[in-house]
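**Q** Here's a structure for you.
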Amino acid sequence: MTDILSLTLAECKELAVSLGEKAFRGEQMYRWMQKGAPIEEWNNVPASFRAKIQENCEYRLPKIARKLVSKLDGTVKYLMEMNDGEKIESVFMKYEHGNTVCVSCQAGCRMGCTFCASTLRGRTRNLTASEILGQIAVIGRDTGEKVGGIVMMGIGEPFDNYDNAMKFLRLVSSPDGLNIGLRHISVSTCGVVPGILRLAEEGLPVTLSLSLHSADNERRSRLMPINKKYPIEEVLSACRTYFEKTGRRVSFEYTLIAGENDSAEDAKRLSVVLKKYMGKNPLHVNLILLNSVDETGYSAPQREMANRFKEQLLSLGVNATIRRKLGSDINASCGQLILGENEA
């Protein structure tokens, strides 16, 4: 059955014609889907055409199973249910420059980062491009607000679901659809080198965000098993290639974990490694205070320690900021997205 939410406007028109309708019916269908509207609400589409769609097509629009709103900053965390009953989480965040949605690209994650909640139960399956796009459409409809930015930093590793992730990027940035500029989209990876190199050739001017978290191979391998396959020197060389191919600055995510990677020596090592592999290319280190996950046993350093780490990086000529924490009272912050027993 045709997955209609994954279709372009032109493909929707072709589908309508193939079902014995005028092409403009396909455009009507497309517009409703971009609004995240269930098929029964398509009130300008004849019931006969809707029946044909339901008989011959699949509409993979996620359903909101539950939402939590932060009392601290208005961040909204959504538990969404896919057509097959699989569940994922997405987050709506408000910033001064506009609204951003953090999307999931997999149901679960198999990367095994030891400080992250999303990987605790492994990966169930990949999400389709339409299921990723549907998160944006549904959240825009529920909030009634325009979504201007996307971070692919929810549950899952985008490059472990590469083809669907790329199709999603093209769909969501289409001028015919949600038209979210690719320069306002960040794609985060734990360091899947082939994915970084493939993305560099796609011609998509997104921001690449690398979850680094340590500048020492032994420690990074302990925190992030992917490092055993793609060590720091390979990952950073790929990041340099990405910048040289695209001209897009790479952002390095660095979660500060008390007693693990937050010392003055760690900051110095990070500076040396980034300069060695990235040269004078522009880069940015996004420091994140570890968000609490009971199962990991890790804790965050004091804010004063984080500030010292940032200041040391700045003194060494490395651009760094501490990420503003959003949604911490509803477990919606970085590394906290998970489907616990009480959430499913």
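Residues are named by chain letter and number: chains run A, B, ... in the order of the structure tokens, numbers start at 1 in each chain, and ligands are numbered from 1 in the order shown.
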Quick one: residues within 10 Å of Leu178 in chain A, only C-alpha atoms, excluding same-chain residues fewer than 6 positions away - as a ChimeraX atom specification?
**A** /A:31,34-35,133,136-137,140,146-148,171-172
**Q** Restricting it to N, CA and C atoms, dump the selection as a PDB file, in the first residue's frame.
**A**
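Saved as part.pdb:
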```pdb
ATOM      1  N   ARG A  31      -2.162  18.961   1.098  1.00  0.00           N
ATOM      2  CA  ARG A  31      -2.271  20.106   2.024  1.00  0.00           C
ATOM      3  C   ARG A  31      -2.803  19.658   3.389  1.00  0.00           C
ATOM      4  N   GLN A  34       0.003  17.850   5.332  1.00  0.00           N
ATOM      5  CA  GLN A  34       1.026  18.759   5.863  1.00  0.00           C
ATOM      6  C   GLN A  34       0.555  19.464   7.127  1.00  0.00           C
ATOM      7  N   LYS A  35      -0.760  19.544   7.292  1.00  0.00           N
ATOM      8  CA  LYS A  35      -1.336  20.152   8.507  1.00  0.00           C
ATOM      9  C   LYS A  35      -1.494  19.132   9.632  1.00  0.00           C
ATOM     10  N   LEU A 133       8.429  12.795   9.552  1.00  0.00           N
ATOM     11  CA  LEU A 133       7.729  14.005   9.119  1.00  0.00           C
ATOM     12  C   LEU A 133       6.446  14.195   9.910  1.00  0.00           C
ATOM     13  N   ILE A 136       6.476  16.307  13.110  1.00  0.00           N
ATOM     14  CA  ILE A 136       6.449  17.761  12.921  1.00  0.00           C
ATOM     15  C   ILE A 136       5.021  18.232  12.635  1.00  0.00           C
ATOM     16  N   ALA A 137       4.346  17.542  11.737  1.00  0.00           N
ATOM     17  CA  ALA A 137       2.986  17.937  11.357  1.00  0.00           C
ATOM     18  C   ALA A 137       2.037  17.869  12.548  1.00  0.00           C
ATOM     19  N   GLY A 140       2.862  20.662  15.118  1.00  0.00           N
ATOM     20  CA  GLY A 140       2.426  21.966  14.630  1.00  0.00           C
ATOM     21  C   GLY A 140       0.923  22.136  14.777  1.00  0.00           C
ATOM     22  N   LYS A 146       3.983  27.806  14.494  1.00  0.00           N
ATOM     23  CA  LYS A 146       4.869  27.469  13.386  1.00  0.00           C
ATOM     24  C   LYS A 146       6.164  26.855  13.918  1.00  0.00           C
ATOM     25  N   VAL A 147       6.577  25.795  13.299  1.00  0.00           N
ATOM     26  CA  VAL A 147       7.855  25.173  13.627  1.00  0.00           C
ATOM     27  C   VAL A 147       8.888  25.677  12.631  1.00  0.00           C
ATOM     28  N   GLY A 148       9.950  26.307  13.144  1.00  0.00           N
ATOM     29  CA  GLY A 148      10.951  26.896  12.266  1.00  0.00           C
ATOM     30  C   GLY A 148      12.275  26.165  12.242  1.00  0.00           C
ATOM     31  N   LEU A 171      11.722  15.955   2.252  1.00  0.00           N
ATOM     32  CA  LEU A 171      10.278  16.201   2.362  1.00  0.00           C
ATOM     33  C   LEU A 171       9.987  17.434   3.213  1.00  0.00           C
ATOM     34  N   VAL A 172      10.619  17.528   4.367  1.00  0.00           N
ATOM     35  CA  VAL A 172      10.293  18.601   5.304  1.00  0.00           C
ATOM     36  C   VAL A 172      10.780  19.960   4.816  1.00  0.00           C
TER      37      VAL A 172
END
```
**Q** Could you give me, as a list of chain:residue names, the residues within 6 Å of range 97-103 of chain A, counting only C-alpha atoms and dropping anything in the same chain fewer than 2 positions from it?
**A** A:Ser90, A:Val91, A:Phe92, A:Met93, A:Lys94, A:Tyr95, A:Val147, A:Gly148, A:Gly149, A:Ile150, A:Val151, A:Met152, A:Met153, A:Gly154
**Q** Show me, as a tab-separated table, the residues of range 62-176 of chain A having an atom within 9 Å of range 1-13 of chain A, each with the closest atom pair and its distance in Å, using only C-alpha atoms.
**A**
```
residue	atom	partner	partner_atom	distance
A:Thr128	CA	A:Ser6	CA	8.3
A:Ala129	CA	A:Ser6	CA	6.3
A:Ser130	CA	A:Ser6	CA	4.7
A:Glu131	CA	A:Leu5	CA	8.2
A:Leu133	CA	A:Leu5	CA	8.0
A:Gly134	CA	A:Leu5	CA	7.7
A:Lys167	CA	A:Ser6	CA	8.3
A:Phe168	CA	A:Ser6	CA	8.1
A:Leu171	CA	A:Thr8	CA	7.0
A:Ser174	CA	A:Thr8	CA	8.3
A:Asp176	CA	A:Leu9	CA	6.7
```
**Q** Convert the current residue selection to file output with N, CA and C atoms, as a PDB file, in the first residue's frame.
**A**
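This went into result.pdb:
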```
ATOM      1  N   THR A 128       9.943   5.278   9.356  1.00  0.00           N
ATOM      2  CA  THR A 128       9.917   5.687   7.957  1.00  0.00           C
ATOM      3  C   THR A 128      10.062   7.203   7.878  1.00  0.00           C
ATOM      4  N   ALA A 129      10.364   7.703   6.681  1.00  0.00           N
ATOM      5  CA  ALA A 129      10.445   9.151   6.483  1.00  0.00           C
ATOM      6  C   ALA A 129       9.132   9.821   6.855  1.00  0.00           C
ATOM      7  N   SER A 130       8.013   9.168   6.526  1.00  0.00           N
ATOM      8  CA  SER A 130       6.703   9.745   6.823  1.00  0.00           C
ATOM      9  C   SER A 130       6.437   9.794   8.328  1.00  0.00           C
ATOM     10  N   GLU A 131       6.929   8.815   9.069  1.00  0.00           N
ATOM     11  CA  GLU A 131       6.734   8.807  10.525  1.00  0.00           C
ATOM     12  C   GLU A 131       7.571   9.886  11.201  1.00  0.00           C
ATOM     13  N   LEU A 133       8.429  12.795   9.552  1.00  0.00           N
ATOM     14  CA  LEU A 133       7.729  14.005   9.119  1.00  0.00           C
ATOM     15  C   LEU A 133       6.446  14.195   9.910  1.00  0.00           C
ATOM     16  N   GLY A 134       5.747  13.108  10.178  1.00  0.00           N
ATOM     17  CA  GLY A 134       4.482  13.187  10.900  1.00  0.00           C
ATOM     18  C   GLY A 134       4.609  13.796  12.279  1.00  0.00           C
ATOM     19  N   LYS A 167      15.410  11.093   3.143  1.00  0.00           N
ATOM     20  CA  LYS A 167      14.115  11.352   2.512  1.00  0.00           C
ATOM     21  C   LYS A 167      13.302  12.328   3.346  1.00  0.00           C
ATOM     22  N   PHE A 168      13.346  12.166   4.666  1.00  0.00           N
ATOM     23  CA  PHE A 168      12.659  13.102   5.565  1.00  0.00           C
ATOM     24  C   PHE A 168      13.161  14.524   5.355  1.00  0.00           C
ATOM     25  N   LEU A 171      11.722  15.955   2.252  1.00  0.00           N
ATOM     26  CA  LEU A 171      10.278  16.201   2.362  1.00  0.00           C
ATOM     27  C   LEU A 171       9.987  17.434   3.213  1.00  0.00           C
ATOM     28  N   SER A 174      10.780  20.810   1.555  1.00  0.00           N
ATOM     29  CA  SER A 174      10.174  21.111   0.264  1.00  0.00           C
ATOM     30  C   SER A 174       9.376  22.416   0.318  1.00  0.00           C
ATOM     31  N   ASP A 176       6.930  23.157  -1.322  1.00  0.00           N
ATOM     32  CA  ASP A 176       5.513  22.816  -1.460  1.00  0.00           C
ATOM     33  C   ASP A 176       4.882  22.396  -0.137  1.00  0.00           C
TER      34      ASP A 176
END
```
**Q** Please identify which residues in range 137-339 of chain A DSSP calls strand (DSSP E or B) from the backbone, and express them as a ChimeraX atom specification.
**A** /A:149-152,185-189,207-211,250-256,283-289,320-322
**Q** I'd like the neighbourhood of range 184-197 of chain A as an NGL selection string, where a residue qualifies if any of its atoms comes within 9 Å (using only C-alpha atoms), though same-chain residues fewer than 5 positions away should be ignored.
**A** :A and (100 or 111 or 113 or 148-153 or 157-160 or 162 or 169 or 205-212 or 224 or 226-227 or 229-232 or 234-236 or 238-239 or 241-242 or 253)
**Q** Neighbouring residues of range 256-269 of chain A were defined as those with any atom within 6 Å, considering only C-alpha atoms; residues of the same chain fewer than 3 positions away were excluded. Please report them as a PyMOL selection string.
**A** chain A and resi 272+288-290+299-301
**Q** Take the residues just selected and output them with N, CA and C atoms as a CSV table (one decimal), in the first residue's frame.
**A**
```csv
chain,number,residue,atom,x,y,z
A,272,VAL,N,43.2,20.4,22.1
A,272,VAL,CA,44.3,19.9,21.2
A,272,VAL,C,43.8,19.1,20.1
A,288,ILE,N,27.0,20.4,27.5
A,288,ILE,CA,25.7,19.9,28.1
A,288,ILE,C,26.0,19.4,29.5
A,289,LEU,N,25.4,19.9,30.5
A,289,LEU,CA,25.4,19.3,31.8
A,289,LEU,C,24.6,18.0,31.8
A,290,LEU,N,25.2,16.9,32.1
A,290,LEU,CA,24.5,15.6,32.1
A,290,LEU,C,23.1,15.7,32.7
A,299,SER,N,26.5,11.3,37.2
A,299,SER,CA,25.9,12.6,37.7
A,299,SER,C,26.6,13.7,37.0
A,300,ALA,N,26.0,14.9,37.0
A,300,ALA,CA,26.5,16.1,36.4
A,300,ALA,C,27.4,16.8,37.4
A,301,PRO,N,28.4,17.5,36.8
A,301,PRO,CA,29.2,18.4,37.7
A,301,PRO,C,28.5,19.6,38.1
```
**Q** Return the single residue from A:Lys22, A:Gly297, A:Val138, A:Gly156 that is closest to Arg123 in chain A, with distances computed using only C-alpha atoms.
**A**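 Residue with the minimum atom-to-atom distance to Arg123 in chain A: A:Gly156.
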**Q** So which one's closest to Gly36 in chain A, A:Gly144, A:Gly85, A:Gly112, A:Gly279? Using only C-alpha atoms, please.
**A**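 So, comparing all the options, the nearest one is A:Gly144.
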**Q** How far is it from CA of Phe49 in chain A to CA of Asp142 in chain A, in Å with one decimal?
**A**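 One can read the CA of Phe49 in chain A to CA of Asp142 in chain A distance as 26.0 Å.
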